[in-house]
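Undergrad: Have a look at the structure that comes next, please.
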Amino acid sequence: MISNRQLDILRTFYQNSDTYIKLKDIAQKNHISVRTVQAQISQLRDMLANSGMSLCSVPSKGYILHVEDPEKAKAFIQGSMRMLSFDTQAARVSYILKSLLSTDGYLKSQDLADSIFISRSRLSDDMVLVKKILADYNLSLISKPYHGLKISGTESNIRQCMIYLSESLQMDDLSQGDQALTLRIRQIIPPILSETNYHISDQALQSLLSYILIAVKRIQEGHIVESVFPPNRHLYSGVYKTAQKVMSLCHDNFHIPLYESEIW
């Protein structure tokens with residue numbers, strides 16, 4: 001059975017069929033190593049027998065997906081996506097939200113519908129729930145003719161919505177890169193909390209670790225929390241010192257710049 005990661009790689013090729021793609025580009029897009037991409041593609045090539053598609057490689061150019069039978073190819077991907085539960089509204093809404101939250105530009109409705117092989121009518125139904133969830137985080141969806149859809153809101157609220165989406169994820173659902181990042185965060189953060197006598201519940205700790213994972217990735221991508229009027233530093237001196245240490249360690253371990261707004 002095809003895995004989520006293999007389907008992500010296949011969809012990248014499918015959406016860029018008859019175009020050469022280098023392994024390093026696929027690795028970067030999926031936050032995994034080149035070696036892992038090679039292993040996944042090797043398995044995919046076997047799975048694609050009788051699918052109407054074939055993956056070929058050319059030295060110095062990369063890999064290319066040839067779609068010999070478009071109808072058969074579409075049916076194969078649709079079947080794979082159904083096995084991965086994209087036929088449920090919850091799964092589709094989660095995918096749509098993640099797609100919108102992770103892009104800086106606009107996404108066309110047709111492209112969104114095509115990416116999960118649903119009709120525009122079905123997408124419109126799903127977008128009702130998408131907009132409701134966004135509104136819960138003071139985010140909105142703006143539409144621009146000939147460009148598509150884009151989320152509008154503050155970086156703080158975007159991250160809160162991302163945390164909501166990550167709550168149902170298990171470690172195995174994360175990419176290899178995110179798994180490594182999560183493990184490192186789990187190693188460095190709890191000792192700081194103990195050192196500063198900052199006690200929180202296990203559930204609050206998990207939420208904090210999820211937020212730090214998202215924050216590190218967003219900062220690496222150039223998305224910084226907007227400047228806010230800080231609360232009374234005297235009243236919250238303990239919390240501030242703990243946050244400072246967390247930010248400093250993230251700076252040292254993940255090579256991200258230091259921002260005062262990220263501390264508060």
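Lettering and numbering for the structure tokens are positional, with chains as A, B, ... in the shown order, residues counted from 1 in each chain, and ligands counted from 1 in the shown order.
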So that each row is one residue of segment 59-134 of chain A with an atom at most 12 Å from segment 202-220 of chain A, can you give its shortest atom pair and the distance in Å to one decimal, using only C-alpha atoms, rows by chain and rising number, as CSV?
TA:
residue,atom,partner,partner_atom,distance
A:Leu101,CA,A:Arg218,CA,10.7
A:Ser102,CA,A:Arg218,CA,9.2
A:Thr103,CA,A:Arg218,CA,11.2
A:Asp104,CA,A:Arg218,CA,11.4
Undergrad: Store the residues picked out above in a file with N, CA and C atoms, as a CSV table (one decimal), in the first residue's frame.
TA:
chain,number,residue,atom,x,y,z
A,101,LEU,N,-2.2,27.5,4.7
A,101,LEU,CA,-1.4,28.1,5.7
A,101,LEU,C,0.1,28.0,5.4
A,102,SER,N,0.5,27.1,4.5
A,102,SER,CA,1.9,26.9,4.3
A,102,SER,C,2.4,27.6,3.0
A,103,THR,N,1.5,28.4,2.4
A,103,THR,CA,1.9,29.1,1.2
A,103,THR,C,1.9,30.6,1.4
A,104,ASP,N,2.8,31.4,0.8
A,104,ASP,CA,2.8,32.8,1.0
A,104,ASP,C,1.9,33.5,-0.1
Undergrad: If DSSP is run on the backbone, what residues of segment 1-162 of chain A are strand (DSSP E or B)? A reply as a list in words would be ideal.
TA: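 Checking each residue of segment 1-162 of chain A, the strand (DSSP E or B) ones are Ile21, Met53, Ser54, Leu55, Cys56, Ser57, Val58, Gly62, Tyr63, Ile64, Leu65, His66, Val67, Leu107, Ser140, Leu141, Ile142, Ser143, Lys144, Gly148, Leu149, Lys150, Ile151 and Ser152 of chain A.
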Undergrad: So that I can check the surroundings of segment 40-46 of chain A, please list as a list in words every protein, DNA and RNA residue that reaches within 7 Å of it, counting only C-alpha atoms and ignoring chain neighbours fewer than 6 positions away.
TA: Gln6, Ser54 and Leu55 of chain A
Undergrad: Would you save the residues from that selection as a short mmCIF file (atom, residue, chain, number, x, y, z; two decimals), in the first residue's frame, using N, CA and C atoms?
TA:
data_model
loop_
_atom_site.label_atom_id
_atom_site.label_comp_id
_atom_site.auth_asym_id
_atom_site.auth_seq_id
_atom_site.Cartn_x
_atom_site.Cartn_y
_atom_site.Cartn_z
N GLN A 6 5.04 8.64 0.06
CA GLN A 6 5.15 8.24 -1.34
C GLN A 6 4.11 8.96 -2.20
N SER A 54 4.87 6.06 -15.56
CA SER A 54 6.18 5.44 -15.31
C SER A 54 7.17 6.53 -14.92
N LEU A 55 8.02 6.19 -13.97
CA LEU A 55 9.06 7.11 -13.50
C LEU A 55 10.39 6.72 -14.13
#
Undergrad: Between A:Ser124, A:Asn253, A:Thr154, A:Ser201, single out the one closest to Val93 of chain A, counting only C-alpha atoms.
TA: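 Among the listed residues, the smallest separation from Val93 of chain A belongs to A:Ser124.
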Undergrad: Please report the interatomic distance between atom CA of Asn157 of chain A and atom CA of Ser194 of chain A in Å with one decimal.
TA: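 Calculated distance between atom CA of Asn157 of chain A and atom CA of Ser194 of chain A is 28.5 Å.
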Undergrad: Counting only C-alpha atoms, what is within 7 Å of Ala73 of chain A, bar same-chain residues fewer than 3 positions away, as a ChimeraX atom specification?
TA: /A:51-53,67,69-70,76-77
Undergrad: With a distance cut-off of 8 Å and only C-alpha atoms, select the neighbouring residues of Thr19 of chain A, excluding the residue or stretch itself and same-chain residues fewer than 3 positions from it, and output the selection as a count of residues only.
TA: 4
Undergrad: For the atom pair atom CA of Lys24 of chain A and atom CA of Ile185 of chain A, what is the interatomic distance in Å to one decimal place?
TA: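 Answer for the atom CA of Lys24 of chain A to atom CA of Ile185 of chain A separation: 25.3 Å.
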Undergrad: If I take atom CA of Val225 of chain A and atom CA of Tyr240 of chain A, how far is one from the other in Å, to one decimal?
TA: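 Distance reported for this atom pair: 16.2 Å.
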Undergrad: Which residue out of A:Ile224, A:Leu84, A:Ser57, A:Ile188 has the minimum interatomic distance to Ser3 of chain A when only C-alpha atoms are used?
TA: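 The answer is A:Leu84, which sits nearest to Ser3 of chain A.
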Undergrad: Counting only C-alpha atoms, which of A:Ser33, A:Ser227, A:Ser115, A:Asn138 gets nearest to Phe86 of chain A?
TA: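 For Phe86 of chain A, the nearest of the given residues is A:Ser115.
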Undergrad: Hey, what's within 12 Å of Ile133 of chain A if we count only C-alpha atoms and toss same-chain stuff fewer than 2 positions away? As a tab-separated table (two decimals) with C-alpha atoms, in the first residue's frame, please?
TA:
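Final file, part22.tsv:
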chain	number	residue	atom	x	y	z
A	90	ALA	CA	-12.31	16.22	7.91
A	93	VAL	CA	-10.47	20.32	5.24
A	94	SER	CA	-7.25	19.57	7.12
A	96	ILE	CA	-6.87	22.49	2.45
A	97	LEU	CA	-6.02	24.40	5.63
A	126	ASP	CA	-15.55	22.04	2.26
A	127	MET	CA	-14.59	25.72	2.14
A	128	VAL	CA	-17.56	26.57	4.36
A	129	LEU	CA	-15.95	24.60	7.19
A	130	VAL	CA	-12.48	25.94	6.30
A	131	LYS	CA	-13.72	29.52	6.69
A	135	ALA	CA	-12.69	32.59	11.82
A	136	ASP	CA	-12.17	30.81	15.17
A	137	TYR	CA	-8.56	32.04	14.98
A	138	ASN	CA	-9.41	35.53	13.70
A	139	LEU	CA	-8.18	34.62	10.24
A	140	SER	CA	-10.02	35.23	7.00
A	141	LEU	CA	-9.87	33.98	3.45
A	151	ILE	CA	-5.28	33.49	4.20
A	157	ASN	CA	-3.06	33.65	14.79
A	158	ILE	CA	-1.67	31.68	11.86
A	160	GLN	CA	-2.34	29.09	16.64
A	161	CYS	CA	-4.32	27.61	13.75
A	162	MET	CA	-1.31	25.48	12.82
A	164	TYR	CA	-4.86	23.19	16.07
A	165	LEU	CA	-4.05	21.20	12.94
